[in-house]
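Reviewing the structure listed below.
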Amino acid sequence: MDSIFEVQRQTHEEIERFERAIYTLLSRNTPSHELRLQTEHRASQILDRISSRAVTLSSIYEDEDRRRVEIDALSAPSQQNDLSEFYARLVKIQEHHAKYPDSVPGGFDLELAVLLEDHNQDGADDDLEEEDPISLLFSGEEAYGKYVDLYANHTAFTNLRNIGKRPGYLQYLDLLLLAESGLVHRDLTKEMRFSKDYQSYINNLHTYLLSFAKRTMPLVDIDSQQSEATVDFETKWENGEIVGWEENVPKAQANGKESGGIWCSACQRSYTKQTVYQAHLNSPKHLKAQAKLAESGNEPGANPNGTASPQPATTVTQSSTATRIRNAAFLTHLTTSLLVLLAPTLNDSKSNVERRVSLTAREREQESLEQAKKPPPPPAAKDGAAEEEEEEERIYNPLKLPLGWDGKPIPYWLYKLHGLGVEYRCEICSDHVYMGRKNFERHFQESRHAFGMRALGLPNTKHFHEITRIEDALSLAEKLKQEGRKEIGEQETMEELEDDDGNVYSRKTYEDLKKQGII
């Protein structure tokens, strides 16, 4: 047996390593819902192990007697050999390994490695598909915990007596979403909420929601929240603050007393109104039950309306009725707290149902098959540069062809067709190279070329199309400027004159003809 101090040290070490393992798990990138849920479940398992070891460590610190014995054993008297205890324990260790030669050391390391196992390791055999244990916790409708599956609860709700108009599944989800503004199903009548069918329904609903919350939120302490809701219910119940349950039990029953004319000892049945009870006394069923009670020798008192002392069966029935009503109110309060916690999931479930209604049967079947597939493994923790190198190595592109819209190299014939192997250099764009004639022609209307033209003080007009050298652009601008001045001069000198006969001549022609005496 190991020393108590060695066990204590080892427990401290395991707790510390578990804490580092949780940090490693939660720091991983989890882009999908499935990976996030798997990571949280693993972290929850590690937390359970930390809790168990913390309990063990606490018991060790409290065991003062054993610690004292260990200290006395290690503190040998001076007249004896100080290493005697050391050699005695060494012999025990050697005997243990001789008895169990196949024992594998480092069991904790193996346990920790399994919890931190990365399913995206290189060289993994894809043919051996391991079954995901987390996916077995959810049904197909729950879609790995994304949505709730309340179809069975909806059926139970619609089968309640005197419910009136039976809501559809979407309307039922809307009723549950109203829990944020008060107790769930507060619109039901008291007769329905006090019935046994309602208690069975609300119990099943609470059981499912509690299980779903624990499966989808493993890192949330659901039990503590339920305990707080229980304390809150006890306080409100004692003060009569539970809405809709104020008159849950008649006062006489709440005090353990029988009210006159309400309880029938012969029929073992309670009546809420005195008039109904009086009419029931003349019914054949009551007379038959009373005769049977008289034959058995347990005839009730002279006044069956309740002035006599209550029978034991009456007290038990009254107590069970009050307990049942209180349990129904208690489960309703706990269910409301869970519905408030799961409100986002209920909204997502409602949206999913509305979306699936618009799908065809084949589309729903295809979607179910895709959901049944194994979720993608978590990405390995790598540097950004290493990840980019790995992606480039996967693409076989020896000709360095451009990539298409799908991330793959375009066909070689398309590469030759568009002339993407021809380089076009533009000095105005700071010697930028354009591959292919189409890209080159398009770049004259792009911002890079327009910015270069503005830097030269030139307008980016059609006159400068196909001009790529700065010297040619400046020369063309000067030529266009001179031609513009010449046209302005010609427009200024251009003047038309009309002779007496109505003939129109330019000023120069008109003056020449006039000098010659023709006009």
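Chain identifiers are assigned as A, B, and so on, following the order in which chains appear in the structure tokens; residues are numbered from 1 within each chain, and ligands are numbered from 1 in order of appearance.
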Excluding Glu423 of chain A and residues on its chain fewer than 3 positions from it, collect all residues at most 10 Å away from it, counting only C-alpha atoms, and give them as an mmCIF file with C-alpha atoms, in the first residue's frame.
```
data_model
loop_
_atom_site.group_PDB
_atom_site.id
_atom_site.type_symbol
_atom_site.label_atom_id
_atom_site.label_comp_id
_atom_site.auth_asym_id
_atom_site.auth_seq_id
_atom_site.Cartn_x
_atom_site.Cartn_y
_atom_site.Cartn_z
ATOM 1 C CA GLY A 419 -4.560 33.532 -73.286
ATOM 2 C CA LEU A 420 -3.887 33.486 -69.559
ATOM 3 C CA CYS A 426 1.168 48.495 -67.377
ATOM 4 C CA HIS A 432 1.542 45.653 -62.504
ATOM 5 C CA VAL A 433 1.295 42.493 -64.653
ATOM 6 C CA TYR A 434 -2.075 41.321 -66.014
ATOM 7 C CA MET A 435 -2.458 37.746 -67.225
ATOM 8 C CA GLY A 436 -4.601 37.421 -70.336
ATOM 9 C CA ARG A 437 -6.017 39.893 -72.826
ATOM 10 C CA PHE A 440 -5.720 43.590 -69.452
#
```
Find the residues near Tyr415 of chain A: any atom within 12 Å, counting only C-alpha atoms, skip ones fewer than 6 places away on the same chain, and give them as number ranges by chain. A: 399-404, 409, 421-422, 435-437
Save the residues we just selected, N, CA, C and O atoms, as a short mmCIF file (atom, residue, chain, number, x, y, z; two decimals), in the first residue's frame?
```
data_model
loop_
_atom_site.label_atom_id
_atom_site.label_comp_id
_atom_site.auth_asym_id
_atom_site.auth_seq_id
_atom_site.Cartn_x
_atom_site.Cartn_y
_atom_site.Cartn_z
N LEU A 399 1.26 22.91 -63.48
CA LEU A 399 1.36 23.97 -64.46
C LEU A 399 1.04 25.34 -63.88
O LEU A 399 1.03 26.34 -64.62
N LYS A 400 0.74 25.40 -62.58
CA LYS A 400 0.41 26.67 -61.92
C LYS A 400 -0.77 27.36 -62.60
O LYS A 400 -0.75 28.56 -62.88
N LEU A 401 -1.78 26.57 -62.90
CA LEU A 401 -2.97 27.14 -63.53
C LEU A 401 -3.78 27.92 -62.51
O LEU A 401 -3.79 27.60 -61.32
N PRO A 402 -4.50 28.96 -62.95
CA PRO A 402 -5.35 29.71 -62.01
C PRO A 402 -6.45 28.82 -61.44
O PRO A 402 -6.90 27.85 -62.07
N LEU A 403 -6.92 29.15 -60.22
CA LEU A 403 -7.97 28.38 -59.57
C LEU A 403 -9.33 28.91 -59.98
O LEU A 403 -9.54 30.12 -60.13
N GLY A 404 -10.26 27.99 -60.16
CA GLY A 404 -11.63 28.36 -60.52
C GLY A 404 -12.47 28.67 -59.30
O GLY A 404 -11.99 28.80 -58.17
N PRO A 409 -7.82 23.88 -60.02
CA PRO A 409 -7.25 24.49 -61.24
C PRO A 409 -8.19 24.36 -62.43
O PRO A 409 -8.88 23.34 -62.59
N GLY A 421 -1.71 32.75 -70.34
CA GLY A 421 -0.27 32.60 -70.23
C GLY A 421 0.50 33.82 -70.73
O GLY A 421 1.73 33.87 -70.62
N VAL A 422 -0.19 34.80 -71.34
CA VAL A 422 0.45 35.99 -71.91
C VAL A 422 0.42 37.09 -70.86
O VAL A 422 -0.63 37.38 -70.27
N MET A 435 -2.53 38.99 -66.48
CA MET A 435 -2.46 37.75 -67.22
C MET A 435 -3.69 37.62 -68.09
O MET A 435 -4.82 37.59 -67.60
N GLY A 436 -3.49 37.59 -69.41
CA GLY A 436 -4.60 37.42 -70.34
C GLY A 436 -5.09 38.74 -70.88
O GLY A 436 -5.05 39.78 -70.21
N ARG A 437 -5.55 38.69 -72.15
CA ARG A 437 -6.02 39.89 -72.83
C ARG A 437 -7.28 40.46 -72.17
O ARG A 437 -7.45 41.68 -72.06
#
```
Expressed in Å to a single decimal, how great is the separation between atom CA of His12 of chain A and atom CA of Arg66 of chain A? 18.3 Å
Name the residues in contact with His449 of chain A at a cut-off of 10 Å, using only C-alpha atoms, excluding same-chain residues fewer than 2 positions from it; report them as a list in words.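 Near neighbours after the sequence-gap exclusion: Cys426, Glu427, Ile428, Cys429, Ser430, His432, His443, Phe444, Gln445, Glu446, Ser447, Phe451, Gly452, Met453, Arg454, Ala455, Asn460 and Thr468 of chain A.
The coordinates place atom CA of Thr56 of chain A at 22.6 Å from atom CA of Ala73 of chain A.
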Option closest in space to Met217 of chain A, from A:Gln516, A:Gln10, A:Thr39, A:Asn203 [counting only C-alpha atoms]: A:Thr39
Nearest candidate to Gln38 of chain A (options A:Ile519, A:Leu160, A:Ile93, A:Leu219; using only C-alpha atoms): A:Leu219
With distances taken over only C-alpha atoms, which residue among A:Thr323, A:Ser349, A:Gln45, A:Ser200 lies nearest Leu112 of chain A? A:Gln45
Quick one: residues within 8 Å of segment 188-191 of chain A, only C-alpha atoms, excluding same-chain residues fewer than 3 positions away - as number ranges by chain? A: 163, 185, 194-195, 244-245
All residues 9 Å or closer to His33 of chain A, only C-alpha atoms, same chain fewer than 6 positions away omitted, as a PDB file with N, CA, C and O atoms, in the first residue's frame:
```
ATOM      1  N   TYR A 144     -29.052  15.791 -32.915  1.00  0.00           N
ATOM      2  CA  TYR A 144     -27.831  16.001 -32.122  1.00  0.00           C
ATOM      3  C   TYR A 144     -27.993  17.132 -31.114  1.00  0.00           C
ATOM      4  O   TYR A 144     -27.053  17.871 -30.810  1.00  0.00           O
ATOM      5  N   GLY A 145     -29.222  17.249 -30.581  1.00  0.00           N
ATOM      6  CA  GLY A 145     -29.463  18.234 -29.530  1.00  0.00           C
ATOM      7  C   GLY A 145     -29.817  19.624 -30.017  1.00  0.00           C
ATOM      8  O   GLY A 145     -29.917  20.549 -29.208  1.00  0.00           O
ATOM      9  N   LYS A 146     -30.048  19.797 -31.322  1.00  0.00           N
ATOM     10  CA  LYS A 146     -30.399  21.130 -31.831  1.00  0.00           C
ATOM     11  C   LYS A 146     -31.862  21.470 -31.554  1.00  0.00           C
ATOM     12  O   LYS A 146     -32.197  22.625 -31.346  1.00  0.00           O
TER      13      LYS A 146
END
```
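Omitting Leu116 of chain A and its sequence neighbours fewer than 2 positions away, and counting only C-alpha atoms, the residues within 8 Å are Ala21, Leu25, Leu112, Ala113, Val114 and Asp118 of chain A.
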Selection from above, N, CA and C atoms, as a tab-separated table (two decimals), in the first residue's frame, can you write it?
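The resulting out.tsv:
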```
chain	number	residue	atom	x	y	z
A	21	ALA	N	-6.06	19.85	-18.79
A	21	ALA	CA	-6.75	19.15	-19.88
A	21	ALA	C	-8.05	19.87	-20.25
A	25	LEU	N	-9.02	21.36	-23.91
A	25	LEU	CA	-10.25	21.01	-24.62
A	25	LEU	C	-11.04	22.25	-25.03
A	112	LEU	N	-6.00	10.04	-19.41
A	112	LEU	CA	-5.99	11.43	-19.88
A	112	LEU	C	-5.85	11.50	-21.39
A	113	ALA	N	-5.07	10.57	-21.98
A	113	ALA	CA	-4.90	10.57	-23.43
A	113	ALA	C	-6.21	10.25	-24.15
A	114	VAL	N	-7.02	9.37	-23.56
A	114	VAL	CA	-8.31	9.04	-24.17
A	114	VAL	C	-9.24	10.25	-24.15
A	118	ASP	N	-7.57	13.22	-30.18
A	118	ASP	CA	-7.93	14.03	-31.34
A	118	ASP	C	-8.26	13.10	-32.49
```
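Distance-wise, atom CA of Tyr151 of chain A and atom CA of Asp223 of chain A end up 25.2 Å apart.
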Apply DSSP to the structure's backbone, then extract all residues of segment 315-468 of chain A labelled strand (DSSP E) and return them as a VMD selection string. chain A and resid 423 to 426 432 to 435
Among listed residues A:Asp348, A:Asp72, A:Glu34, A:Glu13, nearest Val148 of chain A (using only C-alpha atoms):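 Among the listed residues, the smallest separation from Val148 of chain A belongs to A:Asp348.
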